[in-house]
>>> print(open('work_10.pdb').read())   # PDB, C-alpha atoms
MODEL        1
ATOM      1  CA  MET A 137      -3.991   7.407  21.106
ATOM      2  CA  TYR A 138      -2.406   3.986  21.451
ATOM      3  CA  GLY A 139      -3.922   0.870  19.941
ATOM      4  CA  LEU A 140      -3.388  -2.857  20.182
ATOM      5  CA  ILE A 141      -4.734  -5.655  18.026
ATOM      6  CA  GLY A 142      -3.843  -9.214  18.904
ATOM      7  CA  ARG A 143      -4.983 -12.781  19.006
ATOM      8  CA  MET A 144      -5.043 -14.885  22.151
ATOM      9  CA  ILE A 145      -5.119 -18.679  21.937
ATOM     10  CA  ALA A 146      -6.974 -20.384  24.760
ATOM     11  CA  ALA A 147      -6.110 -23.790  26.129
ATOM     12  CA  PRO A 148      -8.159 -26.383  24.183
ATOM     13  CA  GLY A 149     -11.867 -26.015  24.966
ATOM     14  CA  ARG A 150     -11.356 -23.178  27.449
ATOM     15  CA  ARG A 151     -12.076 -20.175  25.236
ATOM     16  CA  ASP A 152     -15.441 -19.284  26.742
ATOM     17  CA  ASP A 153     -14.062 -19.582  30.275
ATOM     18  CA  LEU A 154     -11.356 -17.145  29.230
ATOM     19  CA  VAL A 155     -13.924 -14.739  27.733
ATOM     20  CA  ALA A 156     -15.848 -14.792  31.012
ATOM     21  CA  ILE A 157     -12.705 -13.812  32.920
ATOM     22  CA  LEU A 158     -11.731 -11.106  30.428
ATOM     23  CA  LEU A 159     -15.215  -9.561  30.503
ATOM     24  CA  GLY A 160     -15.969 -10.244  34.141
ATOM     25  CA  GLY A 161     -13.593  -7.832  35.827
ATOM     26  CA  GLU A 162     -14.766  -4.929  37.895
ATOM     27  CA  GLY A 163     -13.608  -1.387  38.439
ATOM     28  CA  GLU A 164     -12.548   1.322  36.042
ATOM     29  CA  LEU A 165      -9.913   1.292  33.351
ATOM     30  CA  PRO A 166      -8.576   4.859  33.262
ATOM     31  CA  GLY A 167      -7.694   5.959  29.766
ATOM     32  CA  CYS A 168      -9.389   2.988  28.088
ATOM     33  CA  LEU A 169     -11.410   4.172  25.083
ATOM     34  CA  SER A 170     -12.249   0.799  23.573
ATOM     35  CA  TYR A 171     -11.646  -2.826  24.516
ATOM     36  CA  VAL A 172     -13.390  -5.536  22.533
ATOM     37  CA  ILE A 173     -13.165  -9.312  23.005
ATOM     38  CA  ALA A 174     -14.222 -11.312  19.941
ATOM     39  CA  ARG A 175     -14.268 -14.965  19.019
ATOM     40  CA  ASP A 176     -12.261 -16.007  15.963
ATOM     41  CA  ILE A 177     -14.805 -17.680  13.697
ATOM     42  CA  GLU A 178     -12.287 -20.094  12.142
ATOM     43  CA  ASN A 179     -10.291 -21.219  15.167
ATOM     44  CA  ALA A 180     -12.450 -22.474  18.059
ATOM     45  CA  ASP A 181      -9.707 -21.694  20.582
ATOM     46  CA  ALA A 182      -8.817 -18.190  19.397
ATOM     47  CA  LEU A 183      -9.921 -14.742  20.558
ATOM     48  CA  TRP A 184      -9.197 -11.325  19.088
ATOM     49  CA  ILE A 185      -8.621  -8.458  21.472
ATOM     50  CA  THR A 186      -8.705  -4.924  20.073
ATOM     51  CA  GLU A 187      -7.871  -2.017  22.353
ATOM     52  CA  VAL A 188      -7.698   1.773  22.176
ATOM     53  CA  TRP A 189      -6.106   3.765  24.993
ATOM     54  CA  ASP A 190      -5.474   7.465  25.539
ATOM     55  CA  SER A 191      -1.769   6.681  25.577
ATOM     56  CA  GLU A 192       0.711   3.834  25.864
ATOM     57  CA  ALA A 193       1.265   4.942  29.475
ATOM     58  CA  ALA A 194      -2.451   4.473  30.262
ATOM     59  CA  HIS A 195      -2.279   0.947  28.877
ATOM     60  CA  LYS A 196       0.816   0.111  30.899
ATOM     61  CA  ALA A 197      -0.696   1.596  34.055
ATOM     62  CA  SER A 198      -3.804  -0.582  33.634
ATOM     63  CA  LEU A 199      -1.680  -3.708  33.997
ATOM     64  CA  ALA A 200      -0.888  -2.672  37.559
ATOM     65  CA  LEU A 201      -4.533  -2.228  38.609
ATOM     66  CA  PRO A 202      -5.567  -4.798  41.246
ATOM     67  CA  ALA A 203      -8.648  -5.916  39.256
ATOM     68  CA  VAL A 204      -6.569  -6.344  36.087
ATOM     69  CA  LYS A 205      -3.792  -8.189  37.894
ATOM     70  CA  ALA A 206      -6.396 -10.506  39.423
ATOM     71  CA  ALA A 207      -7.941 -11.183  35.996
ATOM     72  CA  ILE A 208      -4.510 -11.887  34.504
ATOM     73  CA  ALA A 209      -3.672 -14.298  37.308
ATOM     74  CA  LYS A 210      -7.012 -16.064  36.891
ATOM     75  CA  GLY A 211      -6.811 -16.207  33.105
ATOM     76  CA  MET A 212      -3.163 -17.189  32.711
ATOM     77  CA  PRO A 213      -3.684 -20.962  33.148
ATOM     78  CA  LEU A 214      -6.279 -20.843  30.364
ATOM     79  CA  ILE A 215      -4.005 -19.106  27.838
ATOM     80  CA  ALA A 216      -1.961 -21.215  25.422
ATOM     81  CA  GLY A 217      -0.390 -18.336  23.546
ATOM     82  CA  PHE A 218      -0.566 -15.078  21.630
ATOM     83  CA  ASP A 219      -0.023 -14.172  17.982
ATOM     84  CA  ASN A 220      -0.814 -11.511  15.370
ATOM     85  CA  ARG A 221       0.071  -8.680  17.743
ATOM     86  CA  VAL A 222       0.050  -5.215  16.162
ATOM     87  CA  VAL A 223       0.563  -1.813  17.775
ATOM     88  CA  THR A 224      -1.437   0.957  16.101
ATOM     89  CA  GLU A 225      -2.041   4.673  16.322
ATOM     90  CA  PRO A 226      -5.832   5.140  16.340
ATOM     91  CA  MET A 227      -7.000   8.295  14.569
ATOM     92  CA  GLY A 228     -10.704   8.305  15.441
ATOM     93  CA  GLY A 229     -13.982   6.643  14.710
ATOM     94  CA  VAL A 230     -17.131   5.404  16.377
ATOM     95  CA  GLY A 231     -17.246   3.961  19.890
ATOM     96  CA  LEU A 232     -14.237   5.653  21.451
ATOM     97  CA  GLU A 233     -15.610   6.369  24.911
ATOM     98  CA  ARG A 234     -14.648   9.547  26.659
ATOM     99  CA  GLY A 235     -13.397   9.481  30.210
ATOM    100  CA  ASP A 236     -12.668   6.438  32.291
ATOM    101  CA  ALA A 237     -14.377   3.351  31.026
ATOM    102  CA  ALA A 238     -16.000   1.013  33.511
ATOM    103  CA  ARG A 239     -15.095  -2.594  32.949
ATOM    104  CA  PRO A 240     -18.022  -4.468  31.438
TER     105      PRO A 240
ATOM    106  CA  MET B 285     -22.550  -9.210  16.970
ATOM    107  CA  TYR B 286     -20.442  -9.189  13.810
ATOM    108  CA  GLY B 287     -16.853  -7.987  13.763
ATOM    109  CA  LEU B 288     -14.270  -7.163  11.139
ATOM    110  CA  ILE B 289     -10.554  -6.571  11.496
ATOM    111  CA  GLY B 290      -8.551  -5.686   8.419
ATOM    112  CA  ARG B 291      -5.694  -3.716   7.002
ATOM    113  CA  MET B 292      -6.051  -1.230   4.163
ATOM    114  CA  ILE B 293      -3.017  -0.168   2.154
ATOM    115  CA  ALA B 294      -3.144   3.370   0.818
ATOM    116  CA  ALA B 295      -1.554   4.529  -2.407
ATOM    117  CA  PRO B 296       1.983   5.720  -1.583
ATOM    118  CA  GLY B 297       1.889   8.876   0.518
ATOM    119  CA  ARG B 298      -1.915   9.095   0.553
ATOM    120  CA  ARG B 299      -2.682   7.454   3.898
ATOM    121  CA  ASP B 300      -3.700  10.625   5.716
ATOM    122  CA  ASP B 301      -5.913  11.710   2.830
ATOM    123  CA  LEU B 302      -7.605   8.340   3.093
ATOM    124  CA  VAL B 303      -8.044   8.711   6.869
ATOM    125  CA  ALA B 304      -9.709  12.083   6.314
ATOM    126  CA  ILE B 305     -12.204  10.519   3.918
ATOM    127  CA  LEU B 306     -12.892   7.542   6.200
ATOM    128  CA  LEU B 307     -13.481   9.768   9.226
ATOM    129  CA  GLY B 308     -15.107  12.647   7.392
ATOM    130  CA  GLY B 309     -18.414  11.117   6.405
ATOM    131  CA  GLU B 310     -21.686  12.346   7.736
ATOM    132  CA  GLY B 311     -24.934  10.732   8.773
ATOM    133  CA  GLU B 312     -25.697   7.757  10.948
ATOM    134  CA  LEU B 313     -24.471   4.191  10.697
ATOM    135  CA  PRO B 314     -27.377   2.074  11.976
ATOM    136  CA  GLY B 315     -26.185  -0.951  13.903
ATOM    137  CA  CYS B 316     -22.574   0.243  14.108
ATOM    138  CA  LEU B 317     -21.242  -0.306  17.643
ATOM    139  CA  SER B 318     -17.576   0.457  17.003
ATOM    140  CA  TYR B 319     -15.511   1.614  14.022
ATOM    141  CA  VAL B 320     -11.896   2.593  14.588
ATOM    142  CA  ILE B 321      -9.373   3.803  12.022
ATOM    143  CA  ALA B 322      -5.747   3.427  13.128
ATOM    144  CA  ARG B 323      -2.371   4.013  11.527
ATOM    145  CA  ASP B 324      -0.032   1.025  11.285
ATOM    146  CA  ILE B 325       3.113   2.152  13.096
ATOM    147  CA  GLU B 326       5.471   0.054  10.951
ATOM    148  CA  ASN B 327       4.076   0.610   7.445
ATOM    149  CA  ALA B 328       3.597   4.282   6.556
ATOM    150  CA  ASP B 329       0.952   3.437   3.966
ATOM    151  CA  ALA B 330      -1.135   1.031   6.067
ATOM    152  CA  LEU B 331      -4.281   1.517   8.140
ATOM    153  CA  TRP B 332      -6.102  -0.878  10.434
ATOM    154  CA  ILE B 333      -9.873  -0.797  10.489
ATOM    155  CA  THR B 334     -11.664  -2.581  13.316
ATOM    156  CA  GLU B 335     -15.450  -2.762  13.288
ATOM    157  CA  VAL B 336     -18.268  -4.104  15.464
ATOM    158  CA  TRP B 337     -21.818  -4.266  14.144
ATOM    159  CA  ASP B 338     -25.101  -5.524  15.590
ATOM    160  CA  SER B 339     -25.186  -8.086  12.807
ATOM    161  CA  GLU B 340     -23.649  -8.964   9.456
ATOM    162  CA  ALA B 341     -26.829  -7.618   7.865
ATOM    163  CA  ALA B 342     -26.291  -4.207   9.500
ATOM    164  CA  HIS B 343     -22.769  -4.105   8.080
ATOM    165  CA  LYS B 344     -23.954  -5.034   4.606
ATOM    166  CA  ALA B 345     -26.786  -2.488   4.750
ATOM    167  CA  SER B 346     -24.310   0.261   5.659
ATOM    168  CA  LEU B 347     -22.545  -0.215   2.332
ATOM    169  CA  ALA B 348     -25.711   0.945   0.576
ATOM    170  CA  LEU B 349     -26.044   4.195   2.559
ATOM    171  CA  PRO B 350     -25.537   7.258   0.331
ATOM    172  CA  ALA B 351     -22.879   8.767   2.646
ATOM    173  CA  VAL B 352     -20.961   5.498   2.766
ATOM    174  CA  LYS B 353     -21.195   4.982  -0.993
ATOM    175  CA  ALA B 354     -19.902   8.520  -1.509
ATOM    176  CA  ALA B 355     -16.973   7.914   0.866
ATOM    177  CA  ILE B 356     -16.129   4.643  -0.893
ATOM    178  CA  ALA B 357     -16.200   6.340  -4.302
ATOM    179  CA  LYS B 358     -13.982   9.155  -3.025
ATOM    180  CA  GLY B 359     -11.554   6.855  -1.235
ATOM    181  CA  MET B 360     -11.238   4.137  -3.866
ATOM    182  CA  PRO B 361      -8.542   5.881  -5.961
ATOM    183  CA  LEU B 362      -6.418   6.218  -2.815
ATOM    184  CA  ILE B 363      -6.574   2.522  -1.905
ATOM    185  CA  ALA B 364      -3.827   0.185  -3.136
ATOM    186  CA  GLY B 365      -5.132  -2.951  -1.460
ATOM    187  CA  PHE B 366      -6.372  -4.883   1.554
ATOM    188  CA  ASP B 367      -4.876  -7.659   3.661
ATOM    189  CA  ASN B 368      -5.134  -9.361   7.056
ATOM    190  CA  ARG B 369      -8.927  -9.500   6.908
ATOM    191  CA  VAL B 370     -10.575 -11.401   9.752
ATOM    192  CA  VAL B 371     -14.258 -11.863  10.546
ATOM    193  CA  THR B 372     -14.961 -12.140  14.276
ATOM    194  CA  GLU B 373     -17.834 -12.653  16.686
ATOM    195  CA  PRO B 374     -17.526  -9.891  19.302
ATOM    196  CA  MET B 375     -18.604 -10.972  22.798
ATOM    197  CA  GLY B 376     -18.472  -7.654  24.665
ATOM    198  CA  GLY B 377     -16.159  -5.084  26.115
ATOM    199  CA  VAL B 378     -15.689  -1.359  26.483
ATOM    200  CA  GLY B 379     -16.767   1.177  23.864
ATOM    201  CA  LEU B 380     -19.570  -0.706  22.166
ATOM    202  CA  GLU B 381     -22.049   2.119  21.617
ATOM    203  CA  ARG B 382     -25.729   1.440  21.945
ATOM    204  CA  GLY B 383     -28.112   2.530  19.252
ATOM    205  CA  ASP B 384     -27.228   4.145  15.967
ATOM    206  CA  ALA B 385     -23.775   5.602  15.898
ATOM    207  CA  ALA B 386     -23.260   8.958  14.246
ATOM    208  CA  ARG B 387     -20.338   9.021  11.873
ATOM    209  CA  PRO B 388     -17.433  10.922  13.441
TER     210      PRO B 388
ENDMDL
END
>>> encode(input="work_10.pdb", output="structure tokens")
Amino acid sequence: MYGLIGRMIAAPGRRDDLVAILLGGEGELPGCLSYVIARDIENADALWITEVWDSEAAHKASLALPAVKAAIAKGMPLIAGFDNRVVTEPMGGVGLERGDAARP
Amino acid sequence: MYGLIGRMIAAPGRRDDLVAILLGGEGELPGCLSYVIARDIENADALWITEVWDSEAAHKASLALPAVKAAIAKGMPLIAGFDNRVVTEPMGGVGLERGDAARP
């Protein structure tokens, strides 16, 4: 499995608009086992995104999906930056969906 | 929802033993929506643990479960430390199981 943990910084005051875009996509994300968007409780403009994919290739392929490209294009103007990015190798746990996950 | 992201540092060379303990528990984790154990790909002794719970109270209550207490007691000698701990407020996503999650 391939994992990503990272923090996204929204443009000032636009965090919830960005959450709506990130959670509002449609269609399936093949190979996506977990994808969680969470507010940082100390920084009002920051979001944590934690992801688990079948493979790094599945993650890369997702970036080419029309629904994902549309969400990226829509969200980009609301993003001020990224930090705390970590690549991981997930070993297991709770909440790793089997099969192709539908976008929430 | 209540989220935790953090890094656990295993005693030198004991990371995989620690993973086995963390993933080898039994019983249910009421209120646990996601719990992922992942190897750090740059530090051979480090693990990332990302968690999503219904509430902070559900997380705290889990620490009193017999199976969890047993896993903590067994794992403690293999843990050298913790860092990068972040509390988050998860907003949604893929892989957030409904109901009481069974330990993997």
>>> atom_distance(input="work_10.pdb", atom1="CA of Thr224 in chain A", atom2="CA of Tyr286 in chain B")
21.7 Å
>>> residues_around(input="work_10.pdb", residues="Ala354 in chain B", least_positions_apart="2", cutoff="12 Å", atoms="all atoms listed in the file", output="number ranges by chain")
B: 305-306, 308-311, 346-352, 356-360
>>> closest_atom_pairs(input="work_10.pdb", of="chain A", to="chain B", cutoff="8 Å", atoms="only C-alpha atoms", output="tab-separated table")
residue	atom	partner	partner_atom	distance
A:Gly139	CA	B:Ala322	CA	7.5
A:Val155	CA	B:Met375	CA	7.8
A:Leu159	CA	B:Gly377	CA	6.3
A:Cys168	CA	B:Val378	CA	7.8
A:Leu169	CA	B:Gly379	CA	6.3
A:Ser170	CA	B:Gly379	CA	4.5
A:Tyr171	CA	B:Val378	CA	4.7
A:Val172	CA	B:Gly377	CA	4.5
A:Ile173	CA	B:Met375	CA	5.7
A:Ala174	CA	B:Pro374	CA	3.7
A:Arg175	CA	B:Glu373	CA	4.8
A:Asp176	CA	B:Thr372	CA	5.0
A:Ile177	CA	B:Thr372	CA	5.6
A:Trp184	CA	B:Thr372	CA	7.6
A:Thr186	CA	B:Thr334	CA	7.7
A:Val222	CA	B:Asp324	CA	7.9
A:Val223	CA	B:Ile325	CA	6.6
A:Thr224	CA	B:Asp324	CA	5.0
A:Glu225	CA	B:Arg323	CA	4.9
A:Pro226	CA	B:Ala322	CA	3.6
A:Met227	CA	B:Ala322	CA	5.2
A:Gly228	CA	B:Ile321	CA	5.8
A:Gly229	CA	B:Val320	CA	4.6
A:Val230	CA	B:Tyr319	CA	4.7
A:Gly231	CA	B:Ser318	CA	4.6
A:Leu232	CA	B:Gly379	CA	5.7
A:Glu233	CA	B:Gly379	CA	5.4
A:Ala237	CA	B:Val378	CA	6.7
A:Ala238	CA	B:Val378	CA	7.4
A:Arg239	CA	B:Val378	CA	6.6
A:Pro240	CA	B:Gly377	CA	5.7
>>> axis_aligned_box(input="work_10.pdb", around="range 218-222 of chain A", padding_each_side="8 Å", output="lines of an AutoDock Vina configuration file")
center_x = -0.4
center_y = -10.1
center_z = 18.5
size_x = 16.9
size_y = 25.9
size_z = 22.3
>>> calpha_fit_and_write(input="work_10.pdb", fixed="chain A", moving="chain B", output="PDB file with C-alpha atoms, in the coordinates of the input")
ATOM      1  CA  MET B 285      -3.989   7.420  21.109  1.00  0.00           C
ATOM      2  CA  TYR B 286      -2.411   3.982  21.465  1.00  0.00           C
ATOM      3  CA  GLY B 287      -3.941   0.871  19.946  1.00  0.00           C
ATOM      4  CA  LEU B 288      -3.394  -2.854  20.189  1.00  0.00           C
ATOM      5  CA  ILE B 289      -4.734  -5.648  18.025  1.00  0.00           C
ATOM      6  CA  GLY B 290      -3.846  -9.212  18.903  1.00  0.00           C
ATOM      7  CA  ARG B 291      -4.973 -12.786  19.004  1.00  0.00           C
ATOM      8  CA  MET B 292      -5.026 -14.891  22.156  1.00  0.00           C
ATOM      9  CA  ILE B 293      -5.125 -18.673  21.932  1.00  0.00           C
ATOM     10  CA  ALA B 294      -6.958 -20.394  24.760  1.00  0.00           C
ATOM     11  CA  ALA B 295      -6.111 -23.811  26.132  1.00  0.00           C
ATOM     12  CA  PRO B 296      -8.167 -26.375  24.182  1.00  0.00           C
ATOM     13  CA  GLY B 297     -11.861 -26.020  24.964  1.00  0.00           C
ATOM     14  CA  ARG B 298     -11.365 -23.172  27.446  1.00  0.00           C
ATOM     15  CA  ARG B 299     -12.068 -20.169  25.219  1.00  0.00           C
ATOM     16  CA  ASP B 300     -15.431 -19.280  26.734  1.00  0.00           C
ATOM     17  CA  ASP B 301     -14.056 -19.586  30.259  1.00  0.00           C
ATOM     18  CA  LEU B 302     -11.354 -17.153  29.226  1.00  0.00           C
ATOM     19  CA  VAL B 303     -13.915 -14.744  27.732  1.00  0.00           C
ATOM     20  CA  ALA B 304     -15.832 -14.795  31.014  1.00  0.00           C
ATOM     21  CA  ILE B 305     -12.699 -13.821  32.924  1.00  0.00           C
ATOM     22  CA  LEU B 306     -11.737 -11.100  30.432  1.00  0.00           C
ATOM     23  CA  LEU B 307     -15.212  -9.558  30.499  1.00  0.00           C
ATOM     24  CA  GLY B 308     -15.964 -10.233  34.143  1.00  0.00           C
ATOM     25  CA  GLY B 309     -13.590  -7.837  35.839  1.00  0.00           C
ATOM     26  CA  GLU B 310     -14.767  -4.942  37.893  1.00  0.00           C
ATOM     27  CA  GLY B 311     -13.604  -1.396  38.442  1.00  0.00           C
ATOM     28  CA  GLU B 312     -12.563   1.321  36.054  1.00  0.00           C
ATOM     29  CA  LEU B 313      -9.915   1.296  33.357  1.00  0.00           C
ATOM     30  CA  PRO B 314      -8.582   4.871  33.274  1.00  0.00           C
ATOM     31  CA  GLY B 315      -7.700   5.972  29.768  1.00  0.00           C
ATOM     32  CA  CYS B 316      -9.384   2.992  28.098  1.00  0.00           C
ATOM     33  CA  LEU B 317     -11.413   4.186  25.093  1.00  0.00           C
ATOM     34  CA  SER B 318     -12.253   0.803  23.583  1.00  0.00           C
ATOM     35  CA  TYR B 319     -11.643  -2.834  24.529  1.00  0.00           C
ATOM     36  CA  VAL B 320     -13.390  -5.544  22.542  1.00  0.00           C
ATOM     37  CA  ILE B 321     -13.162  -9.304  23.015  1.00  0.00           C
ATOM     38  CA  ALA B 322     -14.218 -11.311  19.954  1.00  0.00           C
ATOM     39  CA  ARG B 323     -14.271 -14.977  19.028  1.00  0.00           C
ATOM     40  CA  ASP B 324     -12.269 -16.014  15.966  1.00  0.00           C
ATOM     41  CA  ILE B 325     -14.822 -17.691  13.705  1.00  0.00           C
ATOM     42  CA  GLU B 326     -12.311 -20.105  12.145  1.00  0.00           C
ATOM     43  CA  ASN B 327     -10.295 -21.236  15.178  1.00  0.00           C
ATOM     44  CA  ALA B 328     -12.445 -22.470  18.069  1.00  0.00           C
ATOM     45  CA  ASP B 329      -9.710 -21.708  20.590  1.00  0.00           C
ATOM     46  CA  ALA B 330      -8.818 -18.195  19.397  1.00  0.00           C
ATOM     47  CA  LEU B 331      -9.916 -14.747  20.553  1.00  0.00           C
ATOM     48  CA  TRP B 332      -9.200 -11.328  19.099  1.00  0.00           C
ATOM     49  CA  ILE B 333      -8.618  -8.453  21.470  1.00  0.00           C
ATOM     50  CA  THR B 334      -8.704  -4.929  20.071  1.00  0.00           C
ATOM     51  CA  GLU B 335      -7.869  -2.013  22.344  1.00  0.00           C
ATOM     52  CA  VAL B 336      -7.700   1.785  22.183  1.00  0.00           C
ATOM     53  CA  TRP B 337      -6.115   3.769  24.998  1.00  0.00           C
ATOM     54  CA  ASP B 338      -5.471   7.473  25.559  1.00  0.00           C
ATOM     55  CA  SER B 339      -1.771   6.684  25.590  1.00  0.00           C
ATOM     56  CA  GLU B 340       0.712   3.836  25.883  1.00  0.00           C
ATOM     57  CA  ALA B 341       1.254   4.937  29.481  1.00  0.00           C
ATOM     58  CA  ALA B 342      -2.457   4.467  30.261  1.00  0.00           C
ATOM     59  CA  HIS B 343      -2.281   0.937  28.868  1.00  0.00           C
ATOM     60  CA  LYS B 344       0.807   0.103  30.894  1.00  0.00           C
ATOM     61  CA  ALA B 345      -0.709   1.588  34.059  1.00  0.00           C
ATOM     62  CA  SER B 346      -3.811  -0.580  33.627  1.00  0.00           C
ATOM     63  CA  LEU B 347      -1.690  -3.707  33.997  1.00  0.00           C
ATOM     64  CA  ALA B 348      -0.906  -2.657  37.566  1.00  0.00           C
ATOM     65  CA  LEU B 349      -4.555  -2.216  38.614  1.00  0.00           C
ATOM     66  CA  PRO B 350      -5.584  -4.795  41.240  1.00  0.00           C
ATOM     67  CA  ALA B 351      -8.654  -5.922  39.239  1.00  0.00           C
ATOM     68  CA  VAL B 352      -6.589  -6.346  36.087  1.00  0.00           C
ATOM     69  CA  LYS B 353      -3.808  -8.190  37.908  1.00  0.00           C
ATOM     70  CA  ALA B 354      -6.408 -10.517  39.420  1.00  0.00           C
ATOM     71  CA  ALA B 355      -7.956 -11.191  35.995  1.00  0.00           C
ATOM     72  CA  ILE B 356      -4.523 -11.885  34.498  1.00  0.00           C
ATOM     73  CA  ALA B 357      -3.672 -14.304  37.315  1.00  0.00           C
ATOM     74  CA  LYS B 358      -7.008 -16.083  36.889  1.00  0.00           C
ATOM     75  CA  GLY B 359      -6.814 -16.215  33.103  1.00  0.00           C
ATOM     76  CA  MET B 360      -3.162 -17.175  32.715  1.00  0.00           C
ATOM     77  CA  PRO B 361      -3.664 -20.951  33.141  1.00  0.00           C
ATOM     78  CA  LEU B 362      -6.266 -20.846  30.359  1.00  0.00           C
ATOM     79  CA  ILE B 363      -3.996 -19.110  27.840  1.00  0.00           C
ATOM     80  CA  ALA B 364      -1.945 -21.222  25.419  1.00  0.00           C
ATOM     81  CA  GLY B 365      -0.373 -18.334  23.539  1.00  0.00           C
ATOM     82  CA  PHE B 366      -0.563 -15.077  21.612  1.00  0.00           C
ATOM     83  CA  ASP B 367      -0.037 -14.177  17.966  1.00  0.00           C
ATOM     84  CA  ASN B 368      -0.816 -11.514  15.359  1.00  0.00           C
ATOM     85  CA  ARG B 369       0.064  -8.675  17.723  1.00  0.00           C
ATOM     86  CA  VAL B 370       0.030  -5.215  16.158  1.00  0.00           C
ATOM     87  CA  VAL B 371       0.548  -1.819  17.772  1.00  0.00           C
ATOM     88  CA  THR B 372      -1.444   0.955  16.092  1.00  0.00           C
ATOM     89  CA  GLU B 373      -2.042   4.685  16.323  1.00  0.00           C
ATOM     90  CA  PRO B 374      -5.830   5.149  16.356  1.00  0.00           C
ATOM     91  CA  MET B 375      -6.997   8.310  14.567  1.00  0.00           C
ATOM     92  CA  GLY B 376     -10.709   8.310  15.425  1.00  0.00           C
ATOM     93  CA  GLY B 377     -13.984   6.631  14.707  1.00  0.00           C
ATOM     94  CA  VAL B 378     -17.130   5.387  16.377  1.00  0.00           C
ATOM     95  CA  GLY B 379     -17.229   3.943  19.892  1.00  0.00           C
ATOM     96  CA  LEU B 380     -14.234   5.649  21.443  1.00  0.00           C
ATOM     97  CA  GLU B 381     -15.593   6.382  24.913  1.00  0.00           C
ATOM     98  CA  ARG B 382     -14.620   9.571  26.644  1.00  0.00           C
ATOM     99  CA  GLY B 383     -13.339   9.504  30.176  1.00  0.00           C
ATOM    100  CA  ASP B 384     -12.675   6.455  32.284  1.00  0.00           C
ATOM    101  CA  ALA B 385     -14.360   3.359  31.009  1.00  0.00           C
ATOM    102  CA  ALA B 386     -15.973   1.021  33.497  1.00  0.00           C
ATOM    103  CA  ARG B 387     -15.064  -2.592  32.956  1.00  0.00           C
ATOM    104  CA  PRO B 388     -18.011  -4.456  31.420  1.00  0.00           C
TER     105      PRO B 388
END
>>> atom_distance(input="work_10.pdb", atom1="CA of Asp153 in chain A", atom2="CA of Ser191 in chain A")
29.4 Å
